[in-house]
Structures are given as C-alpha cells and as structure tokens.
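Below is one structure, written out as structure tokens; the observations come after it.
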Amino acid sequence: LSLSWTQIEDETACALASVLASNRCTSLSQVFLPHNSITTAGAVAIAAALSTNSSLRELDLRFNKIRVDGARAFAESLSSNSSLTLLDL
C-alpha cells in the first residue's frame, strides 16, 4: 500500500492503525507513507497496532512530523512484533 504525498494526517493514520491492529488484512505486508503530515499522535497509534499485527513486513514513515516520543513508541512496540523487518522513520 503506497500512500506517499497524499496529505495523510493523524486521523487517517489512526484509522489505518485500527485496521493493522485487527489483522483483517493479512495480505498487507508493506505500507509506504512518506511525505505526509503524520505527527507523533498518529505514529503512536500505528506503533501500538504493531504489537498485535503479524503480517506487516515493511513500514515507511519518512518525512513526516514524528518526534522522539513517536520513535520511542515504535521501539517499545517492536519488542512484541517479530514480523516487521523494515521500519523507516
């Protein structure tokens, strides 16, 4: 799923996080969201979803507005996620 340069903000990021957390899209293995307007709030929601998601392999969030707390949320969620092999912040 490639949604770069689409002006995605936190509301959409949180909706995506809900889908990822539910594991309903088991064929979704790559999500590319660079060059959007996702802030730490959206990043924290996506990071939380990774603790239950088992299909996502690659997640690209480069060139968003994610700060240290968002990066820290990803670091914490990765301790319980064994499927993600690429995370680009």
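Going through the structure tokens in order, the chains are called A, B, and so on, while each chain numbers its residues from 1 and the ligands are numbered from 1 in the order shown.
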
DSSP helix (DSSP H, G or I) residues within chain A, as a VMD selection string: chain A and resid 10 to 22 40 to 50 68 to 80

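The shell of residues at most 9 Å from Leu78 in chain A, with only C-alpha atoms counted and near chain neighbours (fewer than 3 positions) removed, consists of Ala47, Leu50, Ser51, Ala73, Phe74, Ala75, Asn81, Ser82 and Leu84 of chain A.
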
Residues near Ile38 in chain A, cut-off 12 Å, only C-alpha atoms, skip fewer than 5 positions along chain, as a ChimeraX atom specification: /A:3-14,16,33,43-46,60-67,70,89

Shell of 10 Å around Arg24 in chain A, only C-alpha atoms, local chain residues under 5 positions omitted, as a list in words: Ser18, Val19, Asn53 and Ser55 of chain A

Mind writing the picked residues with all heavy atoms as a PDB file, in the first residue's frame?
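The resulting file, part-v1.pdb, is reproduced below:
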ATOM      1  N   SER A  18      -6.028   1.101  13.262  1.00  0.00           N
ATOM      2  CA  SER A  18      -7.109   0.192  13.661  1.00  0.00           C
ATOM      3  C   SER A  18      -7.180  -1.023  12.749  1.00  0.00           C
ATOM      4  O   SER A  18      -7.369  -2.149  13.212  1.00  0.00           O
ATOM      5  CB  SER A  18      -8.454   0.920  13.637  1.00  0.00           C
ATOM      6  OG  SER A  18      -8.490   1.913  14.612  1.00  0.00           O
ATOM      7  N   VAL A  19      -7.007  -0.793  11.470  1.00  0.00           N
ATOM      8  CA  VAL A  19      -7.013  -1.909  10.507  1.00  0.00           C
ATOM      9  C   VAL A  19      -5.813  -2.819  10.752  1.00  0.00           C
ATOM     10  O   VAL A  19      -5.941  -4.039  10.780  1.00  0.00           O
ATOM     11  CB  VAL A  19      -7.022  -1.374   9.057  1.00  0.00           C
ATOM     12  CG1 VAL A  19      -6.819  -2.507   8.061  1.00  0.00           C
ATOM     13  CG2 VAL A  19      -8.310  -0.632   8.781  1.00  0.00           C
ATOM     14  N   ASN A  53      -0.177  -6.770  15.227  1.00  0.00           N
ATOM     15  CA  ASN A  53      -0.137  -7.094  13.799  1.00  0.00           C
ATOM     16  C   ASN A  53       0.948  -8.138  13.513  1.00  0.00           C
ATOM     17  O   ASN A  53       2.056  -8.043  14.026  1.00  0.00           O
ATOM     18  CB  ASN A  53       0.139  -5.835  12.977  1.00  0.00           C
ATOM     19  CG  ASN A  53       0.144  -6.114  11.498  1.00  0.00           C
ATOM     20  OD1 ASN A  53       1.145  -6.567  10.964  1.00  0.00           O
ATOM     21  ND2 ASN A  53      -0.962  -5.872  10.849  1.00  0.00           N
ATOM     22  N   SER A  55       1.323  -9.388  10.056  1.00  0.00           N
ATOM     23  CA  SER A  55       1.530  -9.513   8.611  1.00  0.00           C
ATOM     24  C   SER A  55       2.427  -8.430   8.015  1.00  0.00           C
ATOM     25  O   SER A  55       3.040  -8.643   6.978  1.00  0.00           O
ATOM     26  CB  SER A  55       0.184  -9.504   7.876  1.00  0.00           C
ATOM     27  OG  SER A  55      -0.475  -8.270   8.056  1.00  0.00           O
TER      28      SER A  55
END

Which of A:Leu20, A:Ala71, A:Ala41, A:Cys25 sits closest to Leu87 in chain A [using only C-alpha atoms]: A:Ala71
